[in-house]
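Printed here is coords.pdb (PDB, C-alpha atoms):
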```pdb
ATOM      1  CA  MET A   1     109.822 152.600 126.085
ATOM      2  CA  SER A   2     108.057 155.014 123.864
ATOM      3  CA  GLU A   3     104.444 154.831 122.833
ATOM      4  CA  PRO A   4     103.649 154.200 119.160
ATOM      5  CA  THR A   5     102.363 157.366 117.553
ATOM      6  CA  PRO A   6      98.867 156.993 116.068
ATOM      7  CA  VAL A   7      98.630 158.961 112.839
ATOM      8  CA  PRO A   8      95.400 160.968 112.734
ATOM      9  CA  GLU A   9      93.024 160.456 109.840
ATOM     10  CA  ASP A  10      92.812 164.181 109.184
ATOM     11  CA  ALA A  11      95.538 165.691 111.321
ATOM     12  CA  GLY A  12      95.785 169.362 110.727
ATOM     13  CA  GLY A  13      92.360 169.590 109.142
ATOM     14  CA  GLY A  14      93.495 169.377 105.510
ATOM     15  CA  SER A  15      94.147 172.377 103.304
ATOM     16  CA  ARG A  16      93.757 175.833 104.873
ATOM     17  CA  THR A  17      93.874 177.925 101.697
ATOM     18  CA  ALA A  18      91.430 180.512 103.055
ATOM     19  CA  THR A  19      93.723 181.458 105.935
ATOM     20  CA  VAL A  20      97.170 181.235 104.333
ATOM     21  CA  PRO A  21      98.549 184.108 102.249
ATOM     22  CA  SER A  22      99.274 183.439  98.587
ATOM     23  CA  LEU A  23     102.602 183.679  96.788
ATOM     24  CA  GLU A  24     101.409 186.517  94.559
ATOM     25  CA  THR A  25     100.592 188.631  97.598
ATOM     26  CA  ARG A  26     103.447 188.006 100.042
ATOM     27  CA  ALA A  27     105.654 185.524 101.811
ATOM     28  CA  PRO A  28     104.481 184.018 105.119
ATOM     29  CA  GLU A  29     106.659 185.870 107.607
ATOM     30  CA  THR A  30     106.865 189.324 106.073
ATOM     31  CA  THR A  31     103.731 190.451 104.233
ATOM     32  CA  ALA A  32     100.132 190.888 105.221
ATOM     33  CA  MET A  33      97.072 188.862 104.236
ATOM     34  CA  ARG A  34      95.232 189.949 101.111
ATOM     35  CA  ASN A  35      92.086 187.925 101.855
ATOM     36  CA  GLY A  36      92.721 185.938  98.679
ATOM     37  CA  SER A  37      93.129 189.003  96.416
ATOM     38  CA  HIS A  38      96.151 189.923  94.303
ATOM     39  CA  GLY A  39      96.023 193.641  95.031
ATOM     40  CA  PRO A  40      97.801 195.776  97.636
ATOM     41  CA  ALA A  41      97.787 194.722 101.260
ATOM     42  CA  ALA A  42      94.855 195.789 103.374
ATOM     43  CA  GLY A  43      96.114 198.103 106.048
ATOM     44  CA  GLY A  44      96.106 196.542 109.494
ATOM     45  CA  SER A  45      95.589 192.930 108.354
ATOM     46  CA  ARG A  46      97.872 190.242 109.720
ATOM     47  CA  GLY A  47      98.960 186.826 108.440
ATOM     48  CA  SER A  48      97.212 183.878 110.021
ATOM     49  CA  TYR A  49     100.406 182.077 110.992
ATOM     50  CA  GLY A  50     102.934 184.893 111.079
ATOM     51  CA  GLY A  51     103.774 187.446 113.742
ATOM     52  CA  GLY A  52     104.889 190.298 111.444
ATOM     53  CA  GLN A  53     103.826 193.913 111.430
ATOM     54  CA  PRO A  54     100.434 195.012 110.040
ATOM     55  CA  ASP A  55     102.065 196.501 106.924
ATOM     56  CA  GLY A  56     104.138 193.378 106.324
ATOM     57  CA  VAL A  57     107.485 195.027 107.120
ATOM     58  CA  LEU A  58     109.551 194.151 110.175
ATOM     59  CA  PRO A  59     110.807 196.914 112.530
ATOM     60  CA  GLY A  60     113.894 198.626 111.140
ATOM     61  CA  ASP A  61     113.221 197.440 107.577
ATOM     62  CA  GLN A  62     112.986 200.426 105.216
ATOM     63  CA  ARG A  63     111.235 198.414 102.488
ATOM     64  CA  THR A  64     107.514 198.632 101.827
ATOM     65  CA  ALA A  65     105.170 195.675 101.520
ATOM     66  CA  ASP A  66     105.233 196.065  97.733
ATOM     67  CA  ASP A  67     109.030 195.916  97.783
ATOM     68  CA  VAL A  68     108.942 192.669  99.766
ATOM     69  CA  GLU A  69     106.365 191.202  97.389
ATOM     70  CA  ALA A  70     108.419 192.157  94.359
ATOM     71  CA  GLY A  71     111.534 190.659  95.931
ATOM     72  CA  ILE A  72     109.856 187.289  96.513
ATOM     73  CA  VAL A  73     108.493 187.173  92.965
ATOM     74  CA  ALA A  74     111.955 188.009  91.618
ATOM     75  CA  LEU A  75     113.490 185.334  93.842
ATOM     76  CA  TRP A  76     111.111 182.719  92.454
ATOM     77  CA  ARG A  77     111.922 183.757  88.899
ATOM     78  CA  SER A  78     115.644 183.551  89.569
ATOM     79  CA  TYR A  79     115.310 180.136  91.160
ATOM     80  CA  GLY A  80     113.138 178.875  88.307
ATOM     81  CA  GLY A  81     115.833 179.838  85.824
ATOM     82  CA  SER A  82     118.938 178.625  87.636
ATOM     83  CA  ARG A  83     117.740 176.113  90.257
ATOM     84  CA  ALA A  84     120.634 177.244  92.424
ATOM     85  CA  GLN A  85     120.801 175.742  95.909
ATOM     86  CA  GLU A  86     121.532 179.146  97.458
ATOM     87  CA  LEU A  87     118.267 180.546  96.058
ATOM     88  CA  ARG A  88     116.388 177.465  97.210
ATOM     89  CA  ASP A  89     117.744 177.861 100.723
ATOM     90  CA  ARG A  90     116.560 181.491 100.769
ATOM     91  CA  LEU A  91     113.078 180.344  99.825
ATOM     92  CA  VAL A  92     113.189 177.650 102.523
ATOM     93  CA  LEU A  93     114.078 180.237 105.168
ATOM     94  CA  HIS A  94     111.357 182.552 103.886
ATOM     95  CA  TYR A  95     108.600 179.942 104.058
ATOM     96  CA  ALA A  96     109.827 178.229 107.249
ATOM     97  CA  PRO A  97     106.951 179.688 109.352
ATOM     98  CA  LEU A  98     104.572 177.755 107.099
ATOM     99  CA  VAL A  99     106.142 174.510 108.357
ATOM    100  CA  LYS A 100     105.585 175.539 111.974
ATOM    101  CA  TYR A 101     101.970 176.369 111.176
ATOM    102  CA  VAL A 102     101.263 172.981 109.571
ATOM    103  CA  ALA A 103     103.171 171.061 112.278
ATOM    104  CA  GLY A 104     101.127 172.789 114.953
ATOM    105  CA  ARG A 105      97.868 171.808 113.278
ATOM    106  CA  VAL A 106      98.966 168.189 112.822
ATOM    107  CA  GLY A 107     100.289 168.004 116.396
ATOM    108  CA  THR A 108      96.910 168.858 117.911
ATOM    109  CA  GLY A 109      95.665 165.332 117.193
ATOM    110  CA  LEU A 110      98.719 163.480 118.488
ATOM    111  CA  PRO A 111      99.717 162.226 121.978
ATOM    112  CA  ALA A 112     101.456 164.611 124.349
ATOM    113  CA  HIS A 113     104.802 162.786 124.103
ATOM    114  CA  VAL A 114     105.154 163.697 120.403
ATOM    115  CA  ASP A 115     107.534 166.645 120.130
ATOM    116  CA  VAL A 116     106.388 169.390 117.767
ATOM    117  CA  GLY A 117     110.059 170.051 117.024
ATOM    118  CA  ASP A 118     110.316 166.591 115.459
ATOM    119  CA  LEU A 119     107.267 167.345 113.317
ATOM    120  CA  ILE A 120     108.830 170.604 112.162
ATOM    121  CA  GLN A 121     112.028 168.800 111.238
ATOM    122  CA  SER A 122     110.062 166.357 109.088
ATOM    123  CA  GLY A 123     108.053 169.200 107.590
ATOM    124  CA  ILE A 124     111.204 171.025 106.457
ATOM    125  CA  PHE A 125     111.957 168.123 104.119
ATOM    126  CA  GLY A 126     108.449 168.453 102.706
ATOM    127  CA  LEU A 127     108.968 172.188 102.181
ATOM    128  CA  VAL A 128     112.246 171.613 100.338
ATOM    129  CA  ASP A 129     110.563 169.026  98.141
ATOM    130  CA  ALA A 130     107.667 171.416  97.443
ATOM    131  CA  ILE A 131     110.026 174.229  96.412
ATOM    132  CA  GLU A 132     111.983 171.952  94.096
ATOM    133  CA  LYS A 133     108.878 170.553  92.395
ATOM    134  CA  PHE A 134     106.676 173.669  92.306
ATOM    135  CA  GLU A 135     105.773 174.994  88.849
ATOM    136  CA  PRO A 136     104.664 178.651  89.069
ATOM    137  CA  GLU A 137     103.520 178.684  85.436
ATOM    138  CA  ARG A 138     100.524 176.559  86.388
ATOM    139  CA  GLY A 139      99.079 179.510  88.263
ATOM    140  CA  LEU A 140      98.626 177.669  91.579
ATOM    141  CA  LYS A 141      99.248 179.170  94.995
ATOM    142  CA  PHE A 142     102.524 177.936  96.409
ATOM    143  CA  GLU A 143     101.179 177.901  99.981
ATOM    144  CA  THR A 144      98.317 175.582  99.009
ATOM    145  CA  TYR A 145     100.701 173.180  97.303
ATOM    146  CA  ALA A 146     103.381 173.396  99.985
ATOM    147  CA  MET A 147     100.983 172.732 102.856
ATOM    148  CA  GLN A 148      99.975 169.417 101.329
ATOM    149  CA  ARG A 149     103.598 168.390 100.763
ATOM    150  CA  ILE A 150     104.610 169.451 104.291
ATOM    151  CA  ARG A 151     101.673 167.651 105.872
ATOM    152  CA  GLY A 152     102.371 164.540 103.814
ATOM    153  CA  ALA A 153     106.046 164.505 104.842
ATOM    154  CA  ILE A 154     105.090 164.786 108.525
ATOM    155  CA  LEU A 155     102.527 161.976 108.314
ATOM    156  CA  ASP A 156     104.925 159.739 106.370
ATOM    157  CA  ASP A 157     107.553 160.170 109.076
ATOM    158  CA  LEU A 158     105.017 159.416 111.825
ATOM    159  CA  ARG A 159     103.893 156.248 110.037
ATOM    160  CA  SER A 160     107.491 155.100 109.608
ATOM    161  CA  GLN A 161     107.981 155.309 113.398
ATOM    162  CA  ASP A 162     104.742 153.482 114.250
ATOM    163  CA  TRP A 163     105.142 149.708 114.594
ATOM    164  CA  VAL A 164     101.379 149.205 114.735
ATOM    165  CA  PRO A 165      99.958 148.269 111.287
ATOM    166  CA  ARG A 166      97.644 150.828 109.707
ATOM    167  CA  SER A 167      94.900 148.220 109.503
ATOM    168  CA  VAL A 168      94.979 147.852 113.295
ATOM    169  CA  ARG A 169      94.837 151.628 113.704
ATOM    170  CA  SER A 170      91.803 151.700 111.416
ATOM    171  CA  ARG A 171      90.061 148.940 113.398
ATOM    172  CA  ALA A 172      90.807 150.818 116.621
ATOM    173  CA  ARG A 173      89.073 153.904 115.256
ATOM    174  CA  ASP A 174      86.096 151.754 114.205
ATOM    175  CA  VAL A 175      85.791 150.395 117.751
ATOM    176  CA  GLU A 176      86.015 153.894 119.250
ATOM    177  CA  ARG A 177      83.275 155.203 116.964
ATOM    178  CA  ALA A 178      81.060 152.203 117.708
ATOM    179  CA  LEU A 179      81.506 152.734 121.459
ATOM    180  CA  GLU A 180      80.562 156.396 121.078
ATOM    181  CA  ARG A 181      77.446 155.560 119.064
ATOM    182  CA  LEU A 182      76.279 152.864 121.481
ATOM    183  CA  GLY A 183      77.077 154.986 124.528
ATOM    184  CA  GLY A 184      74.980 157.855 123.180
ATOM    185  CA  ARG A 185      72.145 155.557 122.193
ATOM    186  CA  LEU A 186      72.029 153.369 125.325
ATOM    187  CA  GLN A 187      73.192 156.024 127.841
ATOM    188  CA  ARG A 188      75.469 153.441 129.433
ATOM    189  CA  THR A 189      78.594 151.434 128.699
ATOM    190  CA  PRO A 190      77.757 148.839 126.029
ATOM    191  CA  THR A 191      78.461 145.153 126.598
ATOM    192  CA  ASP A 192      80.765 143.090 124.403
ATOM    193  CA  SER A 193      77.759 141.442 122.777
ATOM    194  CA  GLU A 194      76.216 144.805 121.883
ATOM    195  CA  LEU A 195      79.541 146.090 120.560
ATOM    196  CA  ALA A 196      80.033 142.959 118.439
ATOM    197  CA  ASN A 197      76.558 143.377 116.943
ATOM    198  CA  GLU A 198      77.298 147.023 116.171
ATOM    199  CA  LEU A 199      80.521 146.029 114.380
ATOM    200  CA  SER A 200      78.804 143.037 112.664
ATOM    201  CA  ILE A 201      81.314 140.560 114.063
ATOM    202  CA  THR A 202      81.170 137.642 116.498
ATOM    203  CA  ILE A 203      82.217 137.694 120.143
ATOM    204  CA  SER A 204      85.330 135.623 119.374
ATOM    205  CA  GLU A 205      86.324 138.036 116.596
ATOM    206  CA  LEU A 206      85.826 140.951 118.971
ATOM    207  CA  ARG A 207      88.132 139.333 121.526
ATOM    208  CA  GLU A 208      90.763 138.755 118.839
ATOM    209  CA  LEU A 209      90.404 142.413 117.922
ATOM    210  CA  TYR A 210      90.928 143.390 121.561
ATOM    211  CA  ALA A 211      94.177 141.392 121.563
ATOM    212  CA  GLN A 212      95.369 143.258 118.468
ATOM    213  CA  LEU A 213      94.410 146.618 119.943
ATOM    214  CA  GLN A 214      96.620 145.971 122.976
ATOM    215  CA  LEU A 215      99.524 146.990 120.724
ATOM    216  CA  THR A 216      98.100 150.504 120.566
ATOM    217  CA  SER A 217      97.898 150.901 124.355
ATOM    218  CA  VAL A 218     101.576 150.999 125.305
ATOM    219  CA  VAL A 219     102.232 153.484 128.125
ATOM    220  CA  ALA A 220     105.083 155.950 127.659
ATOM    221  CA  LEU A 221     107.169 156.040 130.839
ATOM    222  CA  ASP A 222     108.058 159.691 130.247
ATOM    223  CA  GLU A 223     104.442 160.836 130.305
ATOM    224  CA  LEU A 224     103.121 162.426 133.465
ATOM    225  CA  ILE A 225     100.903 160.283 135.642
ATOM    226  CA  ALA A 226      98.166 162.885 135.539
ATOM    227  CA  ALA A 227      97.884 166.558 134.703
ATOM    228  CA  GLY A 228      98.409 168.922 137.614
ATOM    229  CA  ARG A 229      99.991 166.319 139.895
ATOM    230  CA  GLY A 230     103.519 167.608 139.792
ATOM    231  CA  THR A 231     106.464 166.710 137.588
ATOM    232  CA  ALA A 232     106.919 163.091 138.712
ATOM    233  CA  SER A 233     106.877 160.734 135.742
ATOM    234  CA  LEU A 234     105.438 157.256 135.701
ATOM    235  CA  ALA A 235     108.935 155.774 135.699
ATOM    236  CA  GLU A 236     109.692 157.481 139.005
ATOM    237  CA  THR A 237     106.694 155.787 140.659
ATOM    238  CA  LEU A 238     107.619 152.208 139.699
ATOM    239  CA  PRO A 239     108.985 150.233 142.679
ATOM    240  CA  ASP A 240     112.588 149.021 142.579
ATOM    241  CA  ASP A 241     112.824 145.713 144.389
ATOM    242  CA  TYR A 242     116.613 145.988 144.499
ATOM    243  CA  ALA A 243     116.787 149.533 145.829
ATOM    244  CA  GLU A 244     118.152 150.062 149.325
ATOM    245  CA  ASP A 245     115.559 150.925 151.946
ATOM    246  CA  PRO A 246     116.622 154.294 153.375
ATOM    247  CA  VAL A 247     114.968 153.579 156.746
ATOM    248  CA  ALA A 248     116.699 150.224 157.062
ATOM    249  CA  SER A 249     119.992 151.849 156.096
ATOM    250  CA  LEU A 250     119.666 154.457 158.853
ATOM    251  CA  VAL A 251     118.732 151.822 161.433
ATOM    252  CA  ASP A 252     121.737 149.725 160.405
ATOM    253  CA  GLN A 253     124.104 152.695 160.679
ATOM    254  CA  ASP A 254     122.749 153.570 164.098
ATOM    255  CA  SER A 255     123.089 149.951 165.304
ATOM    256  CA  ARG A 256     126.685 149.822 164.102
ATOM    257  CA  ARG A 257     127.466 153.058 165.935
ATOM    258  CA  GLN A 258     125.950 151.765 169.188
ATOM    259  CA  LEU A 259     127.826 148.474 168.866
ATOM    260  CA  ALA A 260     131.127 150.276 168.275
ATOM    261  CA  ASP A 261     130.541 152.434 171.370
ATOM    262  CA  ALA A 262     129.718 149.360 173.441
ATOM    263  CA  ILE A 263     132.837 147.504 172.256
ATOM    264  CA  ALA A 264     135.005 150.523 173.094
ATOM    265  CA  GLN A 265     133.775 150.357 176.715
ATOM    266  CA  LEU A 266     134.817 146.698 177.192
ATOM    267  CA  ALA A 267     137.939 145.636 179.059
ATOM    268  CA  GLU A 268     141.001 145.363 176.861
ATOM    269  CA  ARG A 269     141.148 141.550 176.827
ATOM    270  CA  ASP A 270     137.412 141.242 176.153
ATOM    271  CA  ARG A 271     137.728 143.785 173.331
ATOM    272  CA  ILE A 272     140.598 141.797 171.783
ATOM    273  CA  VAL A 273     138.575 138.580 171.890
ATOM    274  CA  VAL A 274     135.570 140.207 170.206
ATOM    275  CA  THR A 275     137.746 141.865 167.550
ATOM    276  CA  LEU A 276     139.686 138.719 166.668
ATOM    277  CA  TYR A 277     136.606 136.487 166.663
ATOM    278  CA  TYR A 278     134.096 138.644 164.775
ATOM    279  CA  PHE A 279     136.288 140.900 162.633
ATOM    280  CA  GLU A 280     139.391 138.786 161.983
ATOM    281  CA  ASN A 281     137.459 135.469 161.813
ATOM    282  CA  LEU A 282     139.944 133.624 164.059
ATOM    283  CA  THR A 283     138.907 130.470 165.911
ATOM    284  CA  LEU A 284     138.895 130.208 169.684
ATOM    285  CA  ALA A 285     142.048 128.049 169.570
ATOM    286  CA  GLU A 286     143.870 130.636 167.425
ATOM    287  CA  ILE A 287     142.800 133.414 169.769
ATOM    288  CA  GLY A 288     144.084 131.360 172.710
ATOM    289  CA  ARG A 289     147.521 131.100 171.087
ATOM    290  CA  VAL A 290     147.559 134.880 170.524
ATOM    291  CA  LEU A 291     146.625 135.628 174.135
ATOM    292  CA  GLY A 292     148.663 132.748 175.607
ATOM    293  CA  VAL A 293     145.648 131.097 177.282
ATOM    294  CA  THR A 294     143.703 127.920 176.767
ATOM    295  CA  GLU A 295     140.786 127.593 174.395
ATOM    296  CA  SER A 296     138.342 127.121 177.283
ATOM    297  CA  ARG A 297     139.543 130.376 178.830
ATOM    298  CA  VAL A 298     138.965 132.178 175.528
ATOM    299  CA  CYS A 299     135.444 130.727 175.482
ATOM    300  CA  GLN A 300     134.827 132.177 178.925
ATOM    301  CA  LEU A 301     136.175 135.575 177.877
ATOM    302  CA  HIS A 302     133.988 135.515 174.767
ATOM    303  CA  THR A 303     130.859 134.677 176.773
ATOM    304  CA  ARG A 304     131.578 137.435 179.276
ATOM    305  CA  ALA A 305     132.203 139.979 176.480
ATOM    306  CA  VAL A 306     128.931 139.085 174.723
ATOM    307  CA  LEU A 307     126.935 139.432 177.935
ATOM    308  CA  ARG A 308     128.482 142.814 178.671
ATOM    309  CA  LEU A 309     127.794 144.004 175.115
ATOM    310  CA  ARG A 310     124.167 142.900 175.367
ATOM    311  CA  THR A 311     123.768 144.757 178.665
ATOM    312  CA  LYS A 312     125.278 147.961 177.289
ATOM    313  CA  LEU A 313     123.163 147.842 174.104
ATOM    314  CA  ASN A 314     120.001 147.359 176.144
ATOM    315  CA  GLU A 315     120.937 150.358 178.273
ATOM    316  CA  GLN A 316     121.454 152.493 175.161
ATOM    317  CA  SER A 317     118.135 151.456 173.636
ATOM    318  CA  GLU A 318     116.277 152.430 176.833
ATOM    319  CA  THR A 319     117.826 155.911 177.014
TER     320      THR A 319
END
```

What do you get writing this file as structure tokens?
Amino acid sequence: MSEPTPVPEDAGGGSRTATVPSLETRAPETTAMRNGSHGPAAGGSRGSYGGGQPDGVLPGDQRTADDVEAGIVALWRSYGGSRAQELRDRLVLHYAPLVKYVAGRVGTGLPAHVDVGDLIQSGIFGLVDAIEKFEPERGLKFETYAMQRIRGAILDDLRSQDWVPRSVRSRARDVERALERLGGRLQRTPTDSELANELSITISELRELYAQLQLTSVVALDELIAAGRGTASLAETLPDDYAEDPVASLVDQDSRRQLADAIAQLAERDRIVVTLYYFENLTLAEIGRVLGVTESRVCQLHTRAVLRLRTKLNEQSET
């Protein structure tokens, strides 16, 4: 069972235009930040979401930052004229670090079981859509536009996977805020009556709301029980009523071994009686015909064998 993913109201913190390099200056993974300017790169500056070199050129690349900038501008012009898929894919690869940046910001407000890789995968579709619909002639920064499209694609995918209605999510946030306000004001945990008054609803409506909010409290079995308590998941701590008890299994194996040793020490006729009666499920009369004796004699042999087995097992348990 997986927990429904609550979509944050402002996951990622909205647009980050002040910290993302513009299209006119450089591409995300190769050129340096211009601090919003359109001039040459400031020596030693570094992109906010990229890990490139200070001059915007990767090790071994003989091009300068201006060459990289000119190449990206030319690539955009070529794509705007032909709309070729090959050129679009080159732009997607170039701006891929932007998707990782946005996915990381959105993921900070989500539960631990949400994989950032899944967010990045959703964000790639938003990046492709942004490249296809971007109009450079409007004079807008591509990064500003793309971040909104990427963030929107990620949130849309999260909402599509969440079976909890958005209205219930909104009510849950209202309850959380009301609890925080009352807790700070009263310096204690508020009662249901106080919470209902804060929300301007009745006690019965508050209880109905609690029932709806139970949908948002599903526990993911793959989550850790608590941080720093090892790698055991919650699923591994649930009892299995049908699982074999290892202690009982060892005791049973040891008892069988002792019984086999005791049977091996019986006289031959007594051992035959025990084997035919308990392992072959023959009756006393059938055993008598096999041994050529009467049924009463077989009964005597059986009683003697059982007594001897009991004595030997008691001796083994005492040693």

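We find CA of Ser249 (chain A) and CA of Ser317 (chain A) to be spaced 17.6 Å apart.
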
The PyMOL selection byres ((chain A and resi 298) around 12) applied to the shown file, residues as a PyMOL selection string: chain A and resi 269-274+276-277+282-297+299-305

Result set, the PyMOL selection byres ((chain A and resi 130) around 10) on current file, as a VMD selection string: chain A and resid 92 124 to 129 131 to 135 142 to 143 145 to 150

With C-alpha atoms retained, export the selected residues as a PDB file, in the coordinates of the input.
```pdb
ATOM      1  CA  VAL A  92     113.189 177.650 102.523  1.00  0.00           C
ATOM      2  CA  ILE A 124     111.204 171.025 106.457  1.00  0.00           C
ATOM      3  CA  PHE A 125     111.957 168.123 104.119  1.00  0.00           C
ATOM      4  CA  GLY A 126     108.449 168.453 102.706  1.00  0.00           C
ATOM      5  CA  LEU A 127     108.968 172.188 102.181  1.00  0.00           C
ATOM      6  CA  VAL A 128     112.246 171.613 100.338  1.00  0.00           C
ATOM      7  CA  ASP A 129     110.563 169.026  98.141  1.00  0.00           C
ATOM      8  CA  ILE A 131     110.026 174.229  96.412  1.00  0.00           C
ATOM      9  CA  GLU A 132     111.983 171.952  94.096  1.00  0.00           C
ATOM     10  CA  LYS A 133     108.878 170.553  92.395  1.00  0.00           C
ATOM     11  CA  PHE A 134     106.676 173.669  92.306  1.00  0.00           C
ATOM     12  CA  GLU A 135     105.773 174.994  88.849  1.00  0.00           C
ATOM     13  CA  PHE A 142     102.524 177.936  96.409  1.00  0.00           C
ATOM     14  CA  GLU A 143     101.179 177.901  99.981  1.00  0.00           C
ATOM     15  CA  TYR A 145     100.701 173.180  97.303  1.00  0.00           C
ATOM     16  CA  ALA A 146     103.381 173.396  99.985  1.00  0.00           C
ATOM     17  CA  MET A 147     100.983 172.732 102.856  1.00  0.00           C
ATOM     18  CA  GLN A 148      99.975 169.417 101.329  1.00  0.00           C
ATOM     19  CA  ARG A 149     103.598 168.390 100.763  1.00  0.00           C
ATOM     20  CA  ILE A 150     104.610 169.451 104.291  1.00  0.00           C
TER      21      ILE A 150
END
```

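A straight line drawn from CA of Leu209 (chain A) to CA of Ser170 (chain A) is 11.4 Å long.
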
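Counting only C-alpha atoms and comparing A:Ile120, A:Gly184, A:Val114, A:Leu140, the residue that lies closest to Pro97 (chain A) is A:Ile120.
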
Residues matched by the PyMOL selection byres ((chain A and resi 87) around 12), written as a VMD selection string: chain A and resid 72 74 to 86 88 to 94 128 131 to 132

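Pairwise distance (CA of Tyr210 (chain A), CA of Asp162 (chain A)) equals 18.6 Å.
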
Contacts of region 255-262 of chain A within 10 Å, all atoms listed in the file, excl. fewer than 4 positions in-chain, as a list in words: Ser249, Leu250, Val251, Leu266, Arg271, Arg308, Leu309, Arg310, Thr311, Lys312, Leu313, Gln316 and Ser317 of chain A

Polymer residues at most 9 Å from Gly117 (chain A), all atoms listed in the file, same-chain spacing of 5 or more positions, as a list of chain:residue names: A:Lys100, A:Ala103, A:Ser122

Nearest candidate to Val73 (chain A) (options A:Pro136, A:Pro246, A:Gly183, A:Pro165; using all atoms listed in the file): A:Pro136

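Closest approach to Val102 (chain A) from the set A:Thr191, A:Gly71, A:Ile154, A:Asp115 is made by A:Ile154, with distances taken over all atoms listed in the file.
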
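Among the candidates A:Leu98, A:Ala172, A:Leu119, A:Leu307, the one nearest to Leu206 (chain A) when counting all atoms listed in the file is A:Ala172.
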
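By chain and then residue number, the residues within 12 Å of Asp174 (chain A) are Glu9, Ser167, Val168, Arg169, Ser170, Arg171, Arg177, Ala178, Leu179, Glu180, Arg181, Leu195, Ala196, Glu198, Leu199, Ser200, Leu206, Leu209 and Leu213 of chain A, counting all atoms listed in the file and disregarding those fewer than 3 positions away in sequence.
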
Export region 132-182 of chain A from the structure block above, keeping C-alpha atoms, as a short mmCIF file (atom, residue, chain, number, x, y, z; two decimals), in the first residue's frame.
```cif
data_model
loop_
_atom_site.label_atom_id
_atom_site.label_comp_id
_atom_site.auth_asym_id
_atom_site.auth_seq_id
_atom_site.Cartn_x
_atom_site.Cartn_y
_atom_site.Cartn_z
CA GLU A 132 7.76 23.50 -28.11
CA LYS A 133 5.56 26.41 -27.02
CA PHE A 134 8.22 29.01 -26.18
CA GLU A 135 8.22 32.16 -28.32
CA PRO A 136 11.61 33.93 -28.09
CA GLU A 137 10.32 36.99 -29.97
CA ARG A 138 8.33 38.00 -26.90
CA GLY A 139 11.57 38.80 -25.11
CA LEU A 140 10.89 36.58 -22.08
CA LYS A 141 13.50 34.50 -20.29
CA PHE A 142 13.15 30.86 -21.23
CA GLU A 143 14.16 29.68 -17.74
CA THR A 144 11.37 31.70 -16.12
CA TYR A 145 8.80 30.26 -18.50
CA ALA A 146 10.17 26.72 -18.38
CA MET A 147 10.25 26.55 -14.59
CA GLN A 148 6.53 27.24 -14.42
CA ARG A 149 5.76 24.60 -17.05
CA ILE A 150 8.03 22.03 -15.37
CA ARG A 151 6.56 22.71 -11.94
CA GLY A 152 3.03 22.52 -13.33
CA ALA A 153 3.72 19.17 -15.03
CA ILE A 154 5.11 17.73 -11.77
CA LEU A 155 2.14 18.92 -9.71
CA ASP A 156 -0.36 17.67 -12.31
CA ASP A 157 1.22 14.21 -12.18
CA LEU A 158 1.16 14.20 -8.36
CA ARG A 159 -2.52 15.17 -8.33
CA SER A 160 -3.36 12.44 -10.83
CA GLN A 161 -1.86 9.84 -8.45
CA ASP A 162 -3.63 11.18 -5.34
CA TRP A 163 -7.01 9.56 -4.67
CA VAL A 164 -7.83 12.10 -1.98
CA PRO A 165 -10.00 14.96 -3.35
CA ARG A 166 -8.36 18.39 -3.42
CA SER A 167 -11.16 19.76 -1.27
CA VAL A 168 -10.24 17.30 1.49
CA ARG A 169 -6.58 18.28 1.19
CA SER A 170 -7.59 21.92 1.54
CA ARG A 171 -9.70 21.19 4.64
CA ALA A 172 -6.79 19.25 6.13
CA ARG A 173 -4.53 22.27 5.74
CA ASP A 174 -7.21 24.47 7.35
CA VAL A 175 -7.34 22.15 10.37
CA GLU A 176 -3.54 22.11 10.67
CA ARG A 177 -3.35 25.91 10.60
CA ALA A 178 -6.15 26.20 13.16
CA LEU A 179 -4.36 23.76 15.48
CA GLU A 180 -1.15 25.77 15.17
CA ARG A 181 -2.93 29.05 15.93
CA LEU A 182 -4.78 27.65 18.95
#
```
